[in-house]
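*Asks:* Provided herewith: my_file03.cif, mmCIF, C-alpha atoms and all ligand atoms.
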```cif
data_query
#
loop_
_atom_site.label_atom_id
_atom_site.label_comp_id
_atom_site.auth_asym_id
_atom_site.auth_seq_id
_atom_site.Cartn_x
_atom_site.Cartn_y
_atom_site.Cartn_z
CA MET R 1 -10.13 -99.54 161.80
CA ARG R 2 -11.25 -99.45 158.18
CA ARG R 3 -10.44 -102.38 155.99
CA PRO R 4 -8.58 -101.31 152.85
CA ARG R 5 -10.69 -101.96 149.79
CA SER R 6 -8.70 -104.17 147.47
CA SER R 7 -10.97 -103.34 144.55
CA ALA R 8 -13.68 -100.85 143.74
CA PRO R 9 -17.24 -101.80 144.57
CA CYS R 10 -18.92 -103.27 141.50
CA SER R 11 -22.41 -102.04 140.81
CA SER R 12 -24.50 -104.13 138.48
CA GLY R 13 -24.44 -101.21 136.04
CA ARG R 14 -20.68 -101.29 135.60
CA ILE R 15 -19.76 -104.96 135.60
CA ALA R 16 -21.04 -107.63 133.25
CA THR R 17 -23.44 -110.05 134.90
CA ALA R 18 -21.88 -113.14 133.36
CA GLY R 19 -19.14 -114.45 135.58
CA MET R 20 -19.96 -111.99 138.37
CA THR R 21 -19.32 -114.54 141.09
CA ASP R 22 -15.73 -114.90 139.80
CA LEU R 23 -15.11 -111.46 141.26
CA PHE R 24 -15.98 -112.52 144.79
CA VAL R 25 -13.66 -113.39 147.60
CA ARG R 26 -14.12 -117.06 148.30
CA GLU R 27 -13.40 -117.75 151.94
CA PRO R 28 -10.95 -120.64 152.41
CA GLY R 29 -12.67 -123.59 154.06
CA LEU R 30 -16.11 -122.16 153.36
CA PRO R 31 -17.07 -123.44 149.90
CA GLY R 32 -20.07 -121.60 148.51
CA LEU R 33 -19.58 -118.53 150.69
CA LEU R 34 -18.79 -115.42 148.70
CA HIS R 35 -18.02 -112.01 150.18
CA ARG R 36 -17.02 -108.68 148.69
CA PRO R 37 -17.72 -104.93 148.64
CA TYR R 38 -20.59 -104.34 146.22
CA TRP R 39 -22.43 -101.02 146.49
CA SER R 40 -20.60 -97.73 145.99
CA ALA R 41 -21.17 -94.92 148.52
CA GLU R 42 -23.78 -93.36 146.22
CA GLU R 43 -25.56 -96.68 145.74
CA GLN R 44 -25.59 -97.19 149.51
CA ARG R 45 -27.34 -93.82 149.94
CA THR R 46 -29.86 -94.73 147.24
CA ALA R 47 -30.48 -98.09 148.93
CA VAL R 48 -31.01 -96.42 152.33
CA THR R 49 -33.58 -94.05 150.79
CA ALA R 50 -35.39 -97.01 149.23
CA VAL R 51 -35.34 -99.06 152.44
CA ARG R 52 -36.52 -96.07 154.46
CA ALA R 53 -39.51 -95.75 152.10
CA VAL R 54 -40.24 -99.46 152.66
CA THR R 55 -40.34 -98.89 156.42
CA GLU R 56 -42.86 -96.07 156.05
CA ASP R 57 -45.35 -98.66 154.77
CA ALA R 58 -44.00 -101.61 156.78
CA PRO R 59 -42.55 -100.28 160.05
CA PHE R 60 -39.88 -102.13 162.03
CA TYR R 61 -41.33 -104.30 164.79
CA GLN R 62 -39.81 -106.50 167.51
CA PRO R 63 -40.12 -110.20 166.67
CA THR R 64 -40.18 -112.75 169.48
CA MET R 65 -38.75 -116.25 169.83
CA PRO R 66 -40.95 -119.30 169.33
CA ARG R 67 -42.23 -120.83 172.60
CA THR R 68 -40.33 -118.51 174.99
CA GLY R 69 -41.66 -115.26 173.53
CA ARG R 70 -38.29 -113.66 174.26
CA PRO R 71 -37.80 -110.57 172.09
CA PHE R 72 -35.05 -110.48 169.47
CA SER R 73 -32.59 -107.62 170.02
CA VAL R 74 -32.81 -106.99 166.25
CA ARG R 75 -35.87 -105.17 164.91
CA MET R 76 -37.26 -106.46 161.63
CA THR R 77 -39.50 -105.74 158.71
CA ASN R 78 -39.73 -107.12 155.17
CA CYS R 79 -40.42 -106.31 151.57
CA GLY R 80 -41.41 -108.71 148.80
CA ALA R 81 -44.30 -111.11 148.30
CA LEU R 82 -43.40 -112.98 151.49
CA GLY R 83 -41.88 -111.82 154.74
CA TRP R 84 -40.04 -113.82 157.38
CA VAL R 85 -41.60 -113.42 160.84
CA SER R 86 -41.32 -115.07 164.24
CA ASP R 87 -43.47 -115.04 167.37
CA ARG R 88 -44.22 -117.15 170.41
CA ASN R 89 -47.26 -118.96 169.04
CA GLY R 90 -46.60 -119.18 165.30
CA GLY R 91 -42.82 -119.77 165.35
CA TYR R 92 -40.56 -119.06 162.39
CA ARG R 93 -42.46 -118.70 159.13
CA TYR R 94 -43.09 -116.71 155.97
CA GLN R 95 -46.31 -114.79 155.48
CA PRO R 96 -47.63 -112.27 152.94
CA THR R 97 -48.60 -109.61 155.49
CA HIS R 98 -46.99 -107.49 158.22
CA PRO R 99 -47.78 -108.98 161.64
CA VAL R 100 -48.64 -105.61 163.19
CA THR R 101 -50.31 -103.61 160.40
CA GLY R 102 -51.86 -106.65 158.66
CA LEU R 103 -50.97 -105.07 155.30
CA PRO R 104 -49.11 -106.78 152.42
CA TRP R 105 -45.36 -106.17 152.44
CA PRO R 106 -44.18 -103.45 150.02
CA PRO R 107 -42.34 -104.57 146.87
CA ILE R 108 -38.57 -105.14 146.93
CA PRO R 109 -36.88 -101.95 145.62
CA ASP R 110 -35.23 -102.24 142.19
CA ILE R 111 -31.74 -101.44 143.49
CA ILE R 112 -31.94 -104.52 145.74
CA LEU R 113 -33.48 -106.79 143.08
CA ALA R 114 -30.65 -105.78 140.75
CA VAL R 115 -28.07 -107.26 143.13
CA TRP R 116 -29.83 -110.63 143.11
CA ALA R 117 -30.11 -110.55 139.31
CA ALA R 118 -26.39 -109.85 138.98
CA VAL R 119 -25.01 -112.11 141.69
CA ALA R 120 -27.32 -114.97 142.70
CA GLY R 121 -26.83 -117.13 139.61
CA TYR R 122 -30.40 -118.33 140.08
CA PRO R 123 -32.98 -117.83 137.30
CA HIS R 124 -35.93 -116.74 139.47
CA PRO R 125 -36.36 -113.61 141.57
CA PRO R 126 -36.22 -113.57 145.36
CA GLU R 127 -39.59 -113.58 147.11
CA ALA R 128 -38.50 -112.22 150.48
CA CYS R 129 -36.25 -109.42 151.59
CA LEU R 130 -35.87 -109.41 155.35
CA VAL R 131 -34.77 -106.02 156.67
CA ASN R 132 -32.93 -106.24 159.98
CA HIS R 133 -32.03 -103.18 162.03
CA TYR R 134 -29.23 -103.69 164.54
CA ALA R 135 -28.93 -100.83 167.02
CA PRO R 136 -25.51 -100.75 168.71
CA GLY R 137 -25.60 -103.72 171.11
CA ALA R 138 -27.98 -105.84 169.03
CA LYS R 139 -26.88 -109.28 167.85
CA LEU R 140 -28.27 -112.36 166.14
CA GLY R 141 -27.48 -115.86 167.40
CA LEU R 142 -26.08 -118.64 165.23
CA HIS R 143 -28.82 -120.13 163.09
CA GLN R 144 -29.50 -121.84 159.77
CA ASP R 145 -31.78 -120.35 157.11
CA ALA R 146 -33.90 -123.44 156.60
CA ASP R 147 -37.50 -122.23 156.35
CA GLU R 148 -37.35 -122.13 152.54
CA GLN R 149 -38.46 -124.85 150.10
CA ASP R 150 -35.67 -124.44 147.58
CA PHE R 151 -32.10 -124.69 148.84
CA ASP R 152 -30.83 -124.46 145.25
CA ALA R 153 -31.37 -120.72 145.56
CA PRO R 154 -28.67 -118.94 147.55
CA VAL R 155 -29.23 -116.56 150.45
CA LEU R 156 -27.88 -113.14 149.61
CA SER R 157 -27.18 -110.57 152.28
CA LEU R 158 -26.33 -106.85 152.00
CA SER R 159 -24.92 -104.58 154.71
CA LEU R 160 -25.57 -100.86 155.25
CA GLY R 161 -24.22 -98.67 158.07
CA ASP R 162 -21.90 -99.74 160.87
CA ASP R 163 -19.52 -102.69 160.47
CA CYS R 164 -20.37 -105.96 162.18
CA ARG R 165 -18.67 -109.17 163.19
CA PHE R 166 -20.36 -111.91 161.18
CA ARG R 167 -19.85 -115.47 162.42
CA VAL R 168 -20.17 -118.43 160.07
CA GLY R 169 -19.53 -122.14 160.42
CA GLY R 170 -20.51 -125.38 158.76
CA THR R 171 -23.86 -127.06 158.38
CA ALA R 172 -23.79 -128.86 161.76
CA ARG R 173 -24.64 -127.08 164.99
CA GLY R 174 -21.71 -126.84 167.38
CA GLY R 175 -18.98 -127.10 164.71
CA ALA R 176 -16.04 -124.75 164.22
CA THR R 177 -16.86 -121.20 163.22
CA ARG R 178 -14.92 -118.20 161.97
CA THR R 179 -15.62 -114.51 161.70
CA LEU R 180 -15.72 -111.99 158.88
CA ARG R 181 -15.95 -108.24 159.29
CA LEU R 182 -18.82 -106.96 157.14
CA MET R 183 -18.82 -103.34 156.09
CA SER R 184 -21.38 -101.00 154.56
CA GLY R 185 -22.03 -101.93 150.94
CA ASP R 186 -20.73 -105.50 151.29
CA VAL R 187 -22.57 -108.49 149.90
CA VAL R 188 -22.35 -112.01 151.30
CA MET R 189 -23.80 -115.00 149.51
CA LEU R 190 -24.45 -118.36 151.17
CA GLY R 191 -24.86 -120.82 148.33
CA GLY R 192 -23.94 -124.35 147.37
CA ALA R 193 -22.20 -126.15 150.24
CA SER R 194 -22.67 -123.08 152.47
CA ARG R 195 -26.39 -122.61 151.77
CA LEU R 196 -27.27 -124.16 155.13
CA ALA R 197 -24.23 -122.90 157.03
CA PHE R 198 -24.85 -121.72 160.58
CA HIS R 199 -24.31 -117.98 160.79
CA GLY R 200 -25.06 -115.01 163.01
CA VAL R 201 -23.94 -111.55 164.04
CA ASP R 202 -21.84 -111.29 167.22
CA ARG R 203 -21.63 -107.55 167.46
CA ILE R 204 -21.95 -104.17 165.80
CA TYR R 205 -19.00 -101.77 165.76
CA PRO R 206 -20.68 -98.44 166.63
CA GLY R 207 -19.43 -95.29 164.94
CA THR R 208 -17.79 -97.03 161.97
CA SER R 209 -20.24 -95.49 159.45
CA THR R 210 -22.25 -92.28 159.22
CA LEU R 211 -24.59 -93.66 156.53
CA LEU R 212 -27.60 -94.16 158.81
CA ARG R 213 -27.10 -91.17 161.10
CA ASP R 214 -29.93 -89.07 159.59
CA TRP R 215 -32.28 -91.98 160.15
CA PHE R 216 -30.91 -93.45 163.39
CA PRO R 217 -28.89 -90.86 165.36
CA ALA R 218 -27.17 -93.67 167.30
CA GLY R 219 -26.15 -95.35 164.04
CA GLY R 220 -26.27 -99.11 163.84
CA ARG R 221 -26.58 -101.45 160.92
CA ILE R 222 -29.21 -102.43 158.37
CA ASN R 223 -29.01 -105.89 156.87
CA LEU R 224 -31.03 -106.92 153.83
CA THR R 225 -31.39 -110.68 153.40
CA LEU R 226 -32.82 -111.88 150.09
CA ARG R 227 -34.30 -115.35 149.82
CA ARG R 228 -36.27 -117.46 147.39
CA VAL R 229 -38.95 -119.13 149.51
CA THR R 230 -40.99 -121.41 147.23
CA LYS R 231 -39.91 -123.80 144.51
CA PRO R 232 -40.53 -122.06 141.16
O1 LIG P 301 -27.31 -109.47 159.57
C1 LIG P 301 -26.75 -110.33 158.91
O2 LIG P 301 -25.71 -110.12 158.27
C2 LIG P 301 -27.30 -111.74 158.87
C3 LIG P 301 -28.79 -111.78 159.00
C4 LIG P 301 -29.30 -113.17 159.10
O3 LIG P 301 -28.57 -114.10 159.27
C5 LIG P 301 -30.73 -113.46 159.01
O4 LIG P 301 -31.54 -112.52 158.97
O5 LIG P 301 -31.09 -114.64 158.97
#
```
Go ahead and render the structure in this file as structure tokens.
Ligand SMILES: O=C(O)CCC(=O)C(=O)O
*Replies:*
Amino acid sequence: MRRPRSSAPCSSGRIATAGMTDLFVREPGLPGLLHRPYWSAEEQRTAVTAVRAVTEDAPFYQPTMPRTGRPFSVRMTNCGALGWVSDRNGGYRYQPTHPVTGLPWPPIPDIILAVWAAVAGYPHPPEACLVNHYAPGAKLGLHQDADEQDFDAPVLSLSLGDDCRFRVGGTARGGATRTLRLMSGDVVMLGGASRLAFHGVDRIYPGTSTLLRDWFPAGGRINLTLRRVTKP
């Protein structure tokens, strides 16, 4: 079932940057978590084209868990100066090159950087854009984004393609959690008191979007997670 849009998506070209976060839905009980539709349908198509070009230079690969070497069900790649990677021997980390090709990550496309500039409320650009591809059936366990040096910068996440059930809780493992349904074009920001909130993706709702069908015939979801890694 589609969620009715209470307001039009706001592209950075149409809405003033100042006070942008005032337009977000603040989730009760989750201070610092902001969620709202952001990209229009046309902007979503432009973003998919840009991300697809990124993956021609930096193809998706299957990361593995530290120590166990168990593969993630999500495939990943990155753009930006630094990319987040994980494998059995090296664990979770950022590095400037793709773990399979050995090449530097491609730059973050302008349409994605523009969202950070408009929304993040942080005066320095993101250094990493993790690109997650969830095929139907893929999920991501509850975790904290804590591999960065500067928690003053928020984590900003964009959704493209099928809806998902996003789970978010507090900053302690094992605490109460709640779920949000994220749809194509939505932005979520974890900042302030929610910067270190545990979060994950329980499931994808297959067939809820046709946006990625030309690229992935089975559909699925692309998530773009923007992070500042180093202290400026
Ligand atoms: O797919 C999402 O919405 C969340 C992704 C995420 O939590 C991560 O990559 O750390």
*Asks:* Distance CA of Thr46 in chain R-CA of Pro107 in chain R, one decimal place?
*Replies:*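 Separation between CA of Thr46 in chain R and CA of Pro107 in chain R: 15.9 Å.
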*Asks:* Using all atoms listed in the file, which of R:Asp110, R:Asp57, R:Asp214, R:Asp202 sits nearest ligand LIG 301 (chain P)?
*Replies:*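 Distance minimum relative to ligand LIG 301 (chain P) lands on R:Asp202.
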*Asks:* Go through R:Leu30, R:Met189, R:Ala118, R:Leu158 one by one, measure the shortest atom-to-atom distance of each to ligand LIG 301 (chain P) using only C-alpha atoms and all ligand atoms, and give the residue with the smallest value.
*Replies:*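 The closest residue to ligand LIG 301 (chain P) is R:Leu158.
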*Asks:* Expressed in Å to a single decimal, how great is the separation between CA of Ala172 in chain R and CA of Pro63 in chain R?
*Replies:* 25.3 Å
*Asks:* Which is closer to ligand LIG 301 (chain P) than all the others in R:Asp150, R:Glu43, R:Asp145, R:Asp162, using only C-alpha atoms and all ligand atoms?
*Replies:*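 Comparing R:Asp150, R:Glu43, R:Asp145, R:Asp162 against ligand LIG 301 (chain P), the winner is R:Asp145.
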*Asks:* Extending 4 Å beyond the listed atoms of ligand LIG 301 (chain P) on each side, what axis-aligned box results? I want centre and edge lengths in Å to one decimal, as lines of an AutoDock Vina configuration file.
*Replies:*
```
center_x = -28.6
center_y = -112.1
center_z = 158.9
size_x = 13.8
size_y = 13.2
size_z = 9.3
```
*Asks:* May I ask which of the residues R:Ala120, R:Leu196, R:Ile108, R:Ala153 is the closest one to Leu82 in chain R, counting only C-alpha atoms?
*Replies:*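 Among R:Ala120, R:Leu196, R:Ile108, R:Ala153, it is R:Ile108 that comes nearest to Leu82 in chain R.
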*Asks:* Using only C-alpha atoms and all ligand atoms, find each residue with an atom at most 6 Å away from ligand LIG 301 (chain P) and format the answer as an mmCIF file with C-alpha atoms, keeping the file's coordinate frame.
*Replies:*
```
data_model
loop_
_atom_site.group_PDB
_atom_site.id
_atom_site.type_symbol
_atom_site.label_atom_id
_atom_site.label_comp_id
_atom_site.auth_asym_id
_atom_site.auth_seq_id
_atom_site.Cartn_x
_atom_site.Cartn_y
_atom_site.Cartn_z
ATOM 1 C CA HIS R 199 -24.310 -117.980 160.790
ATOM 2 C CA GLY R 200 -25.060 -115.010 163.010
ATOM 3 C CA VAL R 201 -23.940 -111.550 164.040
ATOM 4 C CA ASN R 223 -29.010 -105.890 156.870
ATOM 5 C CA THR R 225 -31.390 -110.680 153.400
#
```
*Asks:* May I ask for the distance between CA of Ala197 in chain R and CA of Val168 in chain R, given in Å to one decimal place?
*Replies:*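 Interatomic distance here is 6.8 Å.
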*Asks:* Pick out the residues sitting within 10 Å of Leu211 in chain R, and hand them over as JSON, numbers by chain; count all atoms listed in the file, and ignore anything fewer than 6 positions along from it in its own chain.
*Replies:* {"R": [41, 44, 45, 48, 160, 161, 162, 184, 219, 220, 221]}
*Asks:* How would the residues just chosen look if you wrote them out with C-alpha atoms as a compact mmCIF listing (two decimals), keeping the file's coordinate frame?
*Replies:*
```txt
# COMPACT_ATOMS: atom_id res chain seq x y z
CA ALA R 41 -21.17 -94.92 148.52
CA GLN R 44 -25.59 -97.19 149.51
CA ARG R 45 -27.34 -93.82 149.94
CA VAL R 48 -31.01 -96.42 152.33
CA LEU R 160 -25.57 -100.86 155.25
CA GLY R 161 -24.22 -98.67 158.07
CA ASP R 162 -21.90 -99.74 160.87
CA SER R 184 -21.38 -101.00 154.56
CA GLY R 219 -26.15 -95.35 164.04
CA GLY R 220 -26.27 -99.11 163.84
CA ARG R 221 -26.58 -101.45 160.92
```
*Asks:* Which residues are near Pro109 in chain R? Cut-off 9 Å, all atoms listed in the file, ignore same chain within fewer than 6 positions. Put them as a list in words.
*Replies:* Ala47, Ala50, Val51, Val54, Cys79 and Gly80 of chain R
*Asks:* Would you kindly return, as a PyMOL selection string, each protein, DNA or RNA residue with an atom no farther than 12 Å from any atom of Phe60 in chain R, considering all atoms listed in the file and excluding same-chain residues fewer than 6 positions away?
*Replies:* chain R and resi 51-54+74-79+85+98-101+105+130-134+222
*Asks:* Determine, counting all atoms listed in the file, every residue of protein, DNA or RNA that lies within 12 Å of (-18.8, -101.0, 161.0) in the file coordinates, then give the result as a ChimeraX atom specification.
*Replies:* /R:1-3,134-136,159-166,180-186,203-212,219-222
*Asks:* Please identify all polymer residues within 8 Å of Val188 in chain R, counting all atoms listed in the file, omitting same-chain residues fewer than 4 positions from it, and present them as a ChimeraX atom specification.
*Replies:* /R:33-36,156-158
*Asks:* Using only C-alpha atoms, determine which residues lie at most 7 Å from Gln95 in chain R, disregarding the query and same-chain residues fewer than 2 positions distant; provide the list as number ranges by chain.
*Replies:* R: 82-84, 93, 97
*Asks:* Write the residues of the preceding selection, restricted to C-alpha atoms, as an mmCIF file, keeping the file's coordinate frame.
*Replies:*
```
data_model
loop_
_atom_site.group_PDB
_atom_site.id
_atom_site.type_symbol
_atom_site.label_atom_id
_atom_site.label_comp_id
_atom_site.auth_asym_id
_atom_site.auth_seq_id
_atom_site.Cartn_x
_atom_site.Cartn_y
_atom_site.Cartn_z
ATOM 1 C CA LEU R 82 -43.400 -112.980 151.490
ATOM 2 C CA GLY R 83 -41.880 -111.820 154.740
ATOM 3 C CA TRP R 84 -40.040 -113.820 157.380
ATOM 4 C CA ARG R 93 -42.460 -118.700 159.130
ATOM 5 C CA THR R 97 -48.600 -109.610 155.490
#
```
*Asks:* My list of candidates is R:Thr230, R:Gln144, R:Gln149, R:Ser73. Which is closest to Ser194 in chain R when distances are computed with only C-alpha atoms?
*Replies:*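 The answer is R:Gln144, which sits nearest to Ser194 in chain R.
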*Asks:* Nearest residue to Pro71 in chain R out of R:Ala138, R:Ala114, R:Gly121, R:Leu226, using all atoms listed in the file?
*Replies:*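 Using all atoms listed in the file, Pro71 in chain R sits closest to R:Ala138.
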*Asks:* How about completing range 128-143 of chain R with N, CA and C atoms and giving it to me as a CSV table (one decimal), in the coordinates of the input?
*Replies:*
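Final file, part21.csv:
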```
chain,number,residue,atom,x,y,z
R,128,ALA,N,-38.5,-112.9,149.2
R,128,ALA,CA,-38.5,-112.2,150.5
R,128,ALA,C,-37.2,-111.4,150.6
R,129,CYS,N,-37.4,-110.2,151.2
R,129,CYS,CA,-36.2,-109.4,151.6
R,129,CYS,C,-36.5,-109.0,153.0
R,130,LEU,N,-35.8,-109.7,153.9
R,130,LEU,CA,-35.9,-109.4,155.4
R,130,LEU,C,-35.0,-108.2,155.6
R,131,VAL,N,-35.5,-107.2,156.3
R,131,VAL,CA,-34.8,-106.0,156.7
R,131,VAL,C,-34.5,-106.1,158.2
R,132,ASN,N,-33.3,-106.2,158.6
R,132,ASN,CA,-32.9,-106.2,160.0
R,132,ASN,C,-32.3,-104.9,160.4
R,133,HIS,N,-32.7,-104.4,161.5
R,133,HIS,CA,-32.0,-103.2,162.0
R,133,HIS,C,-31.4,-103.6,163.3
R,134,TYR,N,-30.0,-103.4,163.4
R,134,TYR,CA,-29.2,-103.7,164.5
R,134,TYR,C,-28.9,-102.3,165.1
R,135,ALA,N,-29.4,-102.0,166.3
R,135,ALA,CA,-28.9,-100.8,167.0
R,135,ALA,C,-27.6,-101.3,167.6
R,136,PRO,N,-26.7,-100.3,168.0
R,136,PRO,CA,-25.5,-100.8,168.7
R,136,PRO,C,-25.9,-101.6,169.9
R,137,GLY,N,-25.3,-102.8,170.0
R,137,GLY,CA,-25.6,-103.7,171.1
R,137,GLY,C,-26.5,-104.9,170.7
R,138,ALA,N,-27.1,-104.7,169.5
R,138,ALA,CA,-28.0,-105.8,169.0
R,138,ALA,C,-27.1,-106.9,168.4
R,139,LYS,N,-27.6,-108.1,168.4
R,139,LYS,CA,-26.9,-109.3,167.8
R,139,LYS,C,-27.9,-110.3,167.4
R,140,LEU,N,-27.4,-111.3,166.6
R,140,LEU,CA,-28.3,-112.4,166.1
R,140,LEU,C,-27.5,-113.7,166.3
R,141,GLY,N,-28.1,-114.6,167.1
R,141,GLY,CA,-27.5,-115.9,167.4
R,141,GLY,C,-27.3,-116.7,166.2
R,142,LEU,N,-26.4,-117.7,166.3
R,142,LEU,CA,-26.1,-118.6,165.2
R,142,LEU,C,-27.3,-119.4,164.9
R,143,HIS,N,-27.6,-119.4,163.6
R,143,HIS,CA,-28.8,-120.1,163.1
R,143,HIS,C,-28.6,-120.6,161.6
```
